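Data block for work_37.cif (mmCIF, C-alpha atoms and all ligand atoms):
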data_target
loop_
_atom_site.label_atom_id
_atom_site.label_comp_id
_atom_site.auth_asym_id
_atom_site.auth_seq_id
_atom_site.Cartn_x
_atom_site.Cartn_y
_atom_site.Cartn_z
CA MET S 1 4.25 -15.89 -12.29
CA THR S 2 0.70 -15.90 -11.04
CA ALA S 3 -0.81 -17.35 -7.89
CA LYS S 4 -2.24 -20.08 -10.12
CA HIS S 5 1.23 -21.22 -11.12
CA PRO S 6 3.45 -21.07 -8.05
CA PRO S 7 6.79 -22.88 -8.08
CA GLU S 8 6.72 -26.54 -7.13
CA PHE S 9 9.16 -26.56 -4.22
CA ALA S 10 10.17 -24.48 -1.22
CA TRP S 11 12.60 -25.14 1.63
CA LYS S 12 11.80 -25.18 5.33
CA ASP S 13 13.99 -26.08 8.30
CA GLY S 14 16.48 -28.13 6.34
CA HIS S 15 14.17 -29.84 3.87
CA LEU S 16 12.77 -29.34 0.42
CA ILE S 17 8.99 -29.41 0.67
CA ALA S 18 6.00 -28.72 -1.55
CA TRP S 19 5.35 -24.98 -2.04
CA ASP S 20 1.89 -25.25 -0.46
CA ASP S 21 3.32 -26.83 2.70
CA CYS S 22 5.71 -23.94 3.34
CA THR S 23 3.62 -22.19 5.98
CA VAL S 24 3.94 -20.58 9.41
CA HIS S 25 1.13 -20.66 11.95
CA VAL S 26 -1.16 -17.63 12.10
CA ARG S 27 -0.42 -17.38 15.86
CA SER S 28 3.35 -17.58 15.36
CA GLN S 29 5.27 -14.42 16.21
CA ALA S 30 6.28 -14.17 12.56
CA GLY S 31 2.76 -14.70 11.26
CA PHE S 32 1.19 -12.31 13.76
CA PHE S 33 3.77 -9.56 14.37
CA GLY S 34 6.05 -9.91 11.35
CA ALA S 35 8.78 -11.09 13.75
CA ASN S 36 11.17 -12.32 11.12
CA VAL S 37 14.39 -11.17 9.50
CA PHE S 38 15.14 -11.83 5.89
CA GLU S 39 17.20 -11.32 2.79
CA GLY S 40 15.80 -10.68 -0.65
CA VAL S 41 18.13 -12.02 -3.31
CA ARG S 42 17.89 -12.01 -7.09
CA GLY S 43 19.01 -14.81 -9.37
CA TYR S 44 19.97 -14.03 -12.96
CA TRP S 45 19.84 -16.41 -15.85
CA SER S 46 22.47 -16.01 -18.58
CA ASP S 47 21.47 -17.53 -21.93
CA ASP S 48 25.06 -17.24 -23.16
CA ARG S 49 26.53 -19.14 -20.23
CA GLU S 50 23.49 -21.37 -19.60
CA GLN S 51 23.93 -20.52 -15.96
CA LEU S 52 21.94 -18.92 -13.15
CA TYR S 53 23.90 -16.56 -10.92
CA LEU S 54 23.27 -15.31 -7.40
CA PHE S 55 24.85 -11.97 -6.52
CA ARG S 56 26.99 -11.21 -3.44
CA MET S 57 25.58 -14.01 -1.29
CA ASP S 58 28.32 -13.64 1.34
CA THR S 59 27.25 -10.06 1.95
CA HIS S 60 23.58 -11.03 2.07
CA PHE S 61 24.31 -13.65 4.74
CA GLU S 62 26.46 -11.18 6.72
CA ARG S 63 23.54 -8.77 6.77
CA LEU S 64 21.15 -11.57 7.76
CA ALA S 65 23.50 -12.43 10.65
CA LEU S 66 23.43 -8.80 11.83
CA SER S 67 19.62 -8.70 11.64
CA MET S 68 19.44 -11.94 13.66
CA LYS S 69 21.91 -10.63 16.23
CA VAL S 70 20.00 -7.40 16.81
CA MET S 71 16.68 -9.24 17.10
CA ARG S 72 18.28 -11.97 19.29
CA LEU S 73 17.00 -14.58 16.86
CA GLU S 74 18.98 -17.82 16.72
CA VAL S 75 18.45 -20.65 14.27
CA GLY S 76 20.20 -23.97 13.89
CA TYR S 77 21.49 -23.21 10.39
CA THR S 78 24.74 -21.65 9.25
CA ALA S 79 25.09 -19.31 6.29
CA ASP S 80 26.45 -22.26 4.30
CA ASP S 81 23.40 -24.36 5.22
CA MET S 82 21.11 -21.59 4.07
CA LEU S 83 23.05 -21.00 0.84
CA ALA S 84 22.80 -24.74 0.16
CA GLY S 85 19.05 -24.41 0.79
CA VAL S 86 18.79 -21.58 -1.73
CA ILE S 87 20.65 -23.59 -4.36
CA GLU S 88 18.63 -26.73 -3.63
CA THR S 89 15.36 -24.82 -3.94
CA ILE S 90 16.29 -23.20 -7.25
CA ARG S 91 17.60 -26.45 -8.69
CA ALA S 92 14.52 -28.40 -7.58
CA ASN S 93 12.30 -25.91 -9.38
CA GLY S 94 14.55 -26.02 -12.42
CA PHE S 95 14.49 -22.24 -12.89
CA ARG S 96 16.14 -21.04 -16.09
CA GLU S 97 15.01 -17.44 -15.84
CA HIS S 98 15.52 -14.41 -13.61
CA LEU S 99 14.15 -14.98 -10.13
CA GLN S 100 13.73 -13.46 -6.71
CA CYS S 101 14.47 -15.50 -3.59
CA ASN S 102 13.72 -14.79 0.07
CA VAL S 103 15.66 -16.36 2.93
CA VAL S 104 13.67 -15.81 6.10
CA ALA S 105 14.57 -16.59 9.71
CA HIS S 106 11.56 -16.30 11.97
CA PHE S 107 10.15 -16.60 15.46
CA GLY S 108 7.52 -19.34 15.68
CA LEU S 109 4.71 -20.14 18.10
CA ASN S 110 5.07 -19.32 21.77
CA LEU S 111 1.94 -20.41 23.58
CA ASP S 112 3.46 -20.56 27.08
CA GLN S 113 4.30 -16.90 27.58
CA ASP S 114 3.35 -13.39 26.63
CA PRO S 115 3.26 -13.53 22.82
CA LEU S 116 5.87 -10.75 22.64
CA TYR S 117 8.40 -12.73 24.70
CA PRO S 118 11.27 -13.99 22.53
CA THR S 119 10.99 -17.70 21.88
CA SER S 120 13.60 -20.30 21.03
CA ASN S 121 11.03 -21.82 18.69
CA THR S 122 12.52 -20.45 15.48
CA GLY S 123 12.95 -21.58 11.91
CA VAL S 124 14.12 -20.75 8.41
CA HIS S 125 12.25 -20.84 5.14
CA ILE S 126 13.40 -20.21 1.60
CA THR S 127 11.21 -19.49 -1.39
CA ALA S 128 12.05 -18.42 -4.92
CA ILE S 129 9.75 -17.12 -7.63
CA ARG S 130 10.18 -16.19 -11.28
CA PHE S 131 10.86 -12.47 -11.44
CA PRO S 132 11.50 -10.71 -14.75
CA ARG S 133 13.32 -7.37 -14.95
CA SER S 134 11.10 -4.29 -14.62
CA PRO S 135 10.84 -2.04 -17.69
CA LYS S 136 11.16 0.86 -15.21
CA THR S 137 14.92 0.27 -15.13
CA GLU S 138 14.86 1.59 -18.73
CA ALA S 139 12.03 4.11 -18.62
CA GLY S 140 12.61 5.60 -15.18
CA ILE S 141 10.01 6.50 -12.58
CA HIS S 142 8.13 9.44 -11.11
CA ALA S 143 8.73 9.80 -7.37
CA CYS S 144 7.29 11.94 -4.60
CA ILE S 145 8.14 12.86 -1.04
CA PRO S 146 5.34 11.29 1.04
CA SER S 147 4.02 12.66 4.32
CA TRP S 148 5.19 9.56 6.21
CA ARG S 149 8.66 9.60 7.83
CA ARG S 150 11.08 6.69 7.76
CA ILE S 151 11.48 4.51 10.87
CA SER S 152 14.63 5.38 12.79
CA ASP S 153 17.45 3.61 14.61
CA SER S 154 16.04 4.64 18.00
CA THR S 155 12.64 3.06 17.34
CA VAL S 156 12.56 0.39 14.62
CA PRO S 157 16.06 0.29 13.11
CA PRO S 158 15.94 0.31 9.30
CA ARG S 159 19.47 -1.17 9.24
CA VAL S 160 17.88 -4.40 10.42
CA LYS S 161 15.82 -6.19 7.77
CA VAL S 162 12.77 -7.17 9.81
CA GLY S 163 9.48 -8.06 8.08
CA ALA S 164 7.52 -5.64 10.27
CA ASN S 165 9.68 -2.69 9.06
CA TYR S 166 7.86 -2.93 5.77
CA GLN S 167 4.64 -1.54 7.25
CA ASN S 168 6.41 1.84 7.16
CA SER S 169 7.31 1.19 3.51
CA ARG S 170 3.72 0.17 2.81
CA LEU S 171 2.23 3.35 4.24
CA ALA S 172 4.54 5.51 2.14
CA ALA S 173 4.11 3.38 -1.01
CA ASN S 174 0.32 3.46 -0.68
CA GLU S 175 0.35 7.23 -0.42
CA ALA S 176 2.57 7.53 -3.48
CA ARG S 177 0.44 5.13 -5.51
CA ILE S 178 -2.86 6.76 -4.57
CA ASN S 179 -1.43 10.13 -5.60
CA GLY S 180 -0.30 8.79 -8.97
CA TYR S 181 3.45 8.33 -8.37
CA ASP S 182 5.58 5.24 -8.90
CA MET S 183 7.56 5.45 -5.68
CA PRO S 184 7.93 7.46 -2.48
CA ILE S 185 11.33 8.81 -1.41
CA ILE S 186 10.95 8.82 2.35
CA LEU S 187 12.47 11.46 4.65
CA ASN S 188 14.03 10.39 7.93
CA GLU S 189 13.07 11.76 11.35
CA ARG S 190 15.51 14.67 10.80
CA GLY S 191 13.80 15.59 7.53
CA THR S 192 16.60 14.61 5.16
CA ILE S 193 16.38 11.90 2.50
CA ALA S 194 16.40 8.34 3.83
CA GLU S 195 15.38 5.85 1.12
CA GLY S 196 12.56 4.35 -0.89
CA PRO S 197 10.29 1.58 0.48
CA GLY S 198 12.80 -1.04 -0.71
CA SER S 199 15.66 0.83 -2.35
CA CYS S 200 18.41 3.37 -1.68
CA LEU S 201 19.02 6.68 -3.47
CA PHE S 202 21.83 8.31 -5.40
CA MET S 203 21.85 11.87 -6.70
CA LEU S 204 24.24 13.40 -9.25
CA ARG S 205 25.11 17.05 -8.54
CA GLU S 206 28.01 19.00 -9.95
CA GLY S 207 29.61 15.86 -11.33
CA ARG S 208 29.66 14.01 -8.01
CA LEU S 209 27.37 11.21 -6.86
CA HIS S 210 25.82 11.69 -3.45
CA THR S 211 24.00 9.09 -1.39
CA PRO S 212 22.56 9.31 2.14
CA ALA S 213 24.97 8.05 4.79
CA VAL S 214 24.31 4.72 6.49
CA THR S 215 23.35 6.77 9.56
CA ASP S 216 20.53 8.56 7.68
CA GLY S 217 17.89 5.87 8.34
CA ILE S 218 18.58 3.37 5.57
CA LEU S 219 19.09 -0.31 5.08
CA GLU S 220 22.78 -0.87 4.31
CA SER S 221 22.02 -1.80 0.74
CA ILE S 222 24.25 -4.24 -1.12
CA THR S 223 23.34 -2.62 -4.44
CA ARG S 224 24.27 0.79 -3.02
CA ASP S 225 27.65 -0.59 -2.01
CA THR S 226 28.07 -2.16 -5.46
CA LEU S 227 27.27 1.09 -7.27
CA ILE S 228 29.71 3.01 -5.07
CA VAL S 229 32.43 0.58 -6.18
CA PHE S 230 31.47 0.88 -9.87
CA ALA S 231 31.23 4.68 -9.76
CA ARG S 232 34.62 5.09 -8.07
CA ASP S 233 36.60 2.25 -9.65
CA ILE S 234 35.18 2.06 -13.16
CA LEU S 235 33.54 5.40 -13.96
CA GLY S 236 36.00 7.50 -11.92
CA ILE S 237 33.16 9.47 -10.34
CA GLU S 238 33.59 10.73 -6.78
CA VAL S 239 30.94 9.38 -4.39
CA VAL S 240 29.98 11.37 -1.29
CA GLU S 241 28.02 9.71 1.52
CA ARG S 242 26.19 12.50 3.32
CA SER S 243 22.74 13.76 4.29
CA ILE S 244 20.69 15.04 1.35
CA ASP S 245 18.01 17.73 1.56
CA ARG S 246 14.69 17.37 -0.25
CA THR S 247 15.27 20.41 -2.45
CA GLU S 248 18.63 19.05 -3.57
CA LEU S 249 16.66 16.45 -5.51
CA TYR S 250 15.02 19.32 -7.42
CA ALA S 251 18.48 20.75 -8.14
CA ALA S 252 20.06 17.41 -9.10
CA ASP S 253 21.12 16.47 -12.62
CA GLU S 254 20.19 12.83 -12.01
CA VAL S 255 18.54 10.74 -9.30
CA LEU S 256 18.34 6.97 -9.16
CA MET S 257 17.04 4.30 -6.80
CA CYS S 258 18.89 1.02 -6.32
CA GLY S 259 18.22 -2.32 -4.68
CA SER S 260 18.04 -6.02 -5.38
CA ILE S 261 14.51 -5.59 -6.73
CA ALA S 262 14.79 -1.99 -8.00
CA GLU S 263 18.20 -2.86 -9.53
CA VAL S 264 19.12 0.57 -10.95
CA THR S 265 15.94 2.58 -11.52
CA PRO S 266 16.36 6.16 -12.76
CA VAL S 267 14.07 8.80 -11.21
CA ILE S 268 12.93 11.27 -13.86
CA SER S 269 10.77 13.50 -11.67
CA VAL S 270 10.32 14.25 -7.99
CA ASP S 271 7.09 15.92 -6.80
CA ARG S 272 6.25 16.52 -10.48
CA LEU S 273 9.43 18.57 -10.95
CA PRO S 274 11.72 17.15 -13.65
CA VAL S 275 15.05 15.78 -12.47
CA GLY S 276 17.60 17.39 -14.77
CA ARG S 277 16.01 17.30 -18.21
CA GLY S 278 13.33 14.90 -17.05
CA THR S 279 14.89 12.00 -18.95
CA VAL S 280 17.11 9.07 -17.98
CA GLY S 281 20.63 10.47 -17.53
CA PRO S 282 24.02 9.15 -18.69
CA VAL S 283 25.38 8.25 -15.24
CA ALA S 284 22.30 6.24 -14.28
CA THR S 285 22.52 4.52 -17.66
CA ALA S 286 26.21 3.73 -17.23
CA LEU S 287 25.74 2.39 -13.69
CA ARG S 288 22.73 0.34 -14.73
CA ASP S 289 24.61 -1.20 -17.65
CA LEU S 290 27.62 -2.07 -15.48
CA TYR S 291 25.34 -3.57 -12.86
CA PHE S 292 23.45 -5.67 -15.42
CA ARG S 293 26.72 -6.97 -16.85
CA ALA S 294 28.09 -7.82 -13.40
CA LEU S 295 24.97 -9.83 -12.52
CA ILE S 296 25.54 -12.36 -15.31
CA GLY S 297 29.32 -12.57 -15.24
CA ASP S 298 29.94 -10.13 -18.10
CA LEU S 299 31.99 -7.61 -16.09
CA PRO S 300 35.59 -8.79 -15.83
CA GLY S 301 37.04 -8.44 -12.33
CA TYR S 302 33.75 -8.86 -10.48
CA GLU S 303 33.06 -12.56 -11.06
CA HIS S 304 33.97 -13.27 -7.42
CA TRP S 305 30.60 -11.71 -6.45
CA LEU S 306 28.70 -14.48 -8.25
CA THR S 307 27.53 -17.90 -7.10
CA PRO S 308 26.65 -20.10 -10.12
CA VAL S 309 23.68 -22.23 -9.12
CA TYR S 310 24.03 -25.00 -11.70
CA ASP S 311 27.63 -25.74 -10.87
CA ALA S 312 28.67 -28.59 -8.63
CA ALA S 313 31.16 -26.36 -6.80
CA ALA S 314 28.37 -24.05 -5.65
CA LEU S 315 27.39 -26.55 -2.98
CA ARG S 316 30.98 -27.18 -1.78
CA ARG S 317 31.98 -23.91 -0.14
N1 LIG B 401 16.20 -0.28 1.50
C1 LIG B 401 15.23 -1.13 1.85
C2 LIG B 401 14.24 -0.70 2.88
C3 LIG B 401 15.15 -2.40 1.25
O1 LIG B 401 14.18 -3.25 1.59
C4 LIG B 401 16.09 -2.75 0.27
C5 LIG B 401 15.99 -4.09 -0.41
N2 LIG B 401 16.67 -5.09 0.29
C6 LIG B 401 17.09 -1.83 -0.05
C7 LIG B 401 17.12 -0.61 0.58
C8 LIG B 401 18.16 -2.19 -1.03
O2 LIG B 401 19.00 -3.13 -0.45
P1 LIG B 401 19.77 -4.20 -1.35
O3 LIG B 401 20.51 -3.40 -2.35
O4 LIG B 401 20.68 -4.89 -0.41
O5 LIG B 401 18.73 -5.06 -1.95
#
Kindly present the structure from the file in structure tokens form.
Ligand code: PMP
Amino acid sequence: MTAKHPPEFAWKDGHLIAWDDCTVHVRSQAGFFGANVFEGVRGYWSDDREQLYLFRMDTHFERLALSMKVMRLEVGYTADDMLAGVIETIRANGFREHLQCNVVAHFGLNLDQDPLYPTSNTGVHITAIRFPRSPKTEAGIHACIPSWRRISDSTVPPRVKVGANYQNSRLAANEARINGYDMPIILNERGTIAEGPGSCLFMLREGRLHTPAVTDGILESITRDTLIVFARDILGIEVVERSIDRTELYAADEVLMCGSIAEVTPVISVDRLPVGRGTVGPVATALRDLYFRALIGDLPGYEHWLTPVYDAAALRR
């Protein structure tokens, strides 16, 4: 997907529209301050089933509802309306490949008051783009601890998925990139591991998986929750949710990042120190393979997490 070949259709405030018409005003609170909340969802095409699947949409819309509640952002659309919008958008574009879709609720223009004052002028837009799987899920990545700290619940809560939060991610990601790393692993205000710019972390030590607690300055990741289920219920690995020190990553046998976009991405070095043997480990591989199977309906017992897009029932919830 390049800028020259964008998808044909997007969705805004209840209607399918041309991609180029899906805009917000530069003076809107969303356009100016990043005053929006959103979900980033992946769609997965299965050649075998000739079907495109969305993963854990109920949970995505629950998290969107929490983000809207915290930001006191109300829109005239229910979760079902927005899911129907997602399905309509994907169908209109005729996608038969992996994709990434954003559902965004935003604050619009408010010319009458102080531009920071919450406005009832709000809206929703939905866009989906072709999005192939990253080879980094196979090869692994080199990570660093950046000098930037993660935003915290007492300032800009990372639990809430607000567009403006990603300026913190951007600062850390820029630093990592400029210094030759693939990804930053950002410490929270207390100096323990929080998360990546758009992904959560797991570490394998002494046969147990550890992941920062939801109170450690993270987004409550749906992929993190999924991997906890797979580790405990399928692999029989104990999962501990607790604060993680930086040097524990140097001592770990395996580290991985997870998220809708990161999927399951093994970390093979941190601060140029190898993680374990410096190769992709067996637990990351097993979790990644389970996750990939679940996403296209190939993991028996977890089909209830999938919404098939090209299925009449998908629009009748
Ligand atoms: N942390 C941040 C900051 C993110 O943006 C994301 C991506 N949504 C994640 C973690 C992973 O969350 P999820 O697994 O729900 O995509």
From the list S:Ala164, S:Val103, S:Leu204, S:Ala262, which residue is nearest Glu238 (chain S) when using only C-alpha atoms?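 Of the candidates, the smallest distance to Glu238 (chain S) is held by S:Leu204.
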Around ligand LIG 401 (chain B), out to 10 Å and counting only C-alpha atoms and all ligand atoms, which residues are there? I want them as an MDAnalysis selection string. chainID S and resid 38:42 56 59:60 63 150:151 158:163 165:166 168:169 194:201 217:227 257:264
Residues within 12 Å of Thr78 (chain S), please, as a PyMOL selection string. Count only C-alpha atoms; anything in the same chain fewer than 3 positions from it doesn't count. chain S and resi 13-14+58+61-62+64-65+68+74-75+81-85+105+124
Write the residues of the preceding selection, restricted to C-alpha atoms, as a PDB file, in the frame of the given file.
ATOM      1  CA  ASP S  13      13.990 -26.080   8.300  1.00  0.00           C
ATOM      2  CA  GLY S  14      16.480 -28.130   6.340  1.00  0.00           C
ATOM      3  CA  ASP S  58      28.320 -13.640   1.340  1.00  0.00           C
ATOM      4  CA  PHE S  61      24.310 -13.650   4.740  1.00  0.00           C
ATOM      5  CA  GLU S  62      26.460 -11.180   6.720  1.00  0.00           C
ATOM      6  CA  LEU S  64      21.150 -11.570   7.760  1.00  0.00           C
ATOM      7  CA  ALA S  65      23.500 -12.430  10.650  1.00  0.00           C
ATOM      8  CA  MET S  68      19.440 -11.940  13.660  1.00  0.00           C
ATOM      9  CA  GLU S  74      18.980 -17.820  16.720  1.00  0.00           C
ATOM     10  CA  VAL S  75      18.450 -20.650  14.270  1.00  0.00           C
ATOM     11  CA  ASP S  81      23.400 -24.360   5.220  1.00  0.00           C
ATOM     12  CA  MET S  82      21.110 -21.590   4.070  1.00  0.00           C
ATOM     13  CA  LEU S  83      23.050 -21.000   0.840  1.00  0.00           C
ATOM     14  CA  ALA S  84      22.800 -24.740   0.160  1.00  0.00           C
ATOM     15  CA  GLY S  85      19.050 -24.410   0.790  1.00  0.00           C
ATOM     16  CA  ALA S 105      14.570 -16.590   9.710  1.00  0.00           C
ATOM     17  CA  VAL S 124      14.120 -20.750   8.410  1.00  0.00           C
TER      18      VAL S 124
END
For Ser243 (chain S), which residue among S:Leu256, S:Val70, S:Met203, S:Leu306 is the nearest when counting all atoms listed in the file? S:Met203
Find the distance between CA of Asp245 (chain S) and CA of Ile193 (chain S) and write it in Å to one decimal. 6.1 Å
Would you please work out which residue, of S:Ala173, S:Leu299, S:Ile237, S:Cys144, is nearest to Leu249 (chain S) when using all atoms listed in the file?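 Checking each candidate against Leu249 (chain S), we get S:Cys144 as the closest.
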Find the residues of region 73-171 of chain S that sit at most 9 Å from region 278-290 of chain S; for each, write down the nearest two atoms and how far apart they are in Å, to one decimal. Count only C-alpha atoms. Sort by chain, then by number going up, and give it as JSON lines.
{"residue": "S:Thr137", "atom": "CA", "partner": "S:Arg288", "partner_atom": "CA", "distance": 7.8}
{"residue": "S:Glu138", "atom": "CA", "partner": "S:Val280", "partner_atom": "CA", "distance": 7.8}
{"residue": "S:Ala139", "atom": "CA", "partner": "S:Val280", "partner_atom": "CA", "distance": 7.1}
{"residue": "S:Gly140", "atom": "CA", "partner": "S:Val280", "partner_atom": "CA", "distance": 6.3}
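The gap separating CA of His142 (chain S) from CA of Arg177 (chain S) is 10.4 Å, in Å to one decimal.
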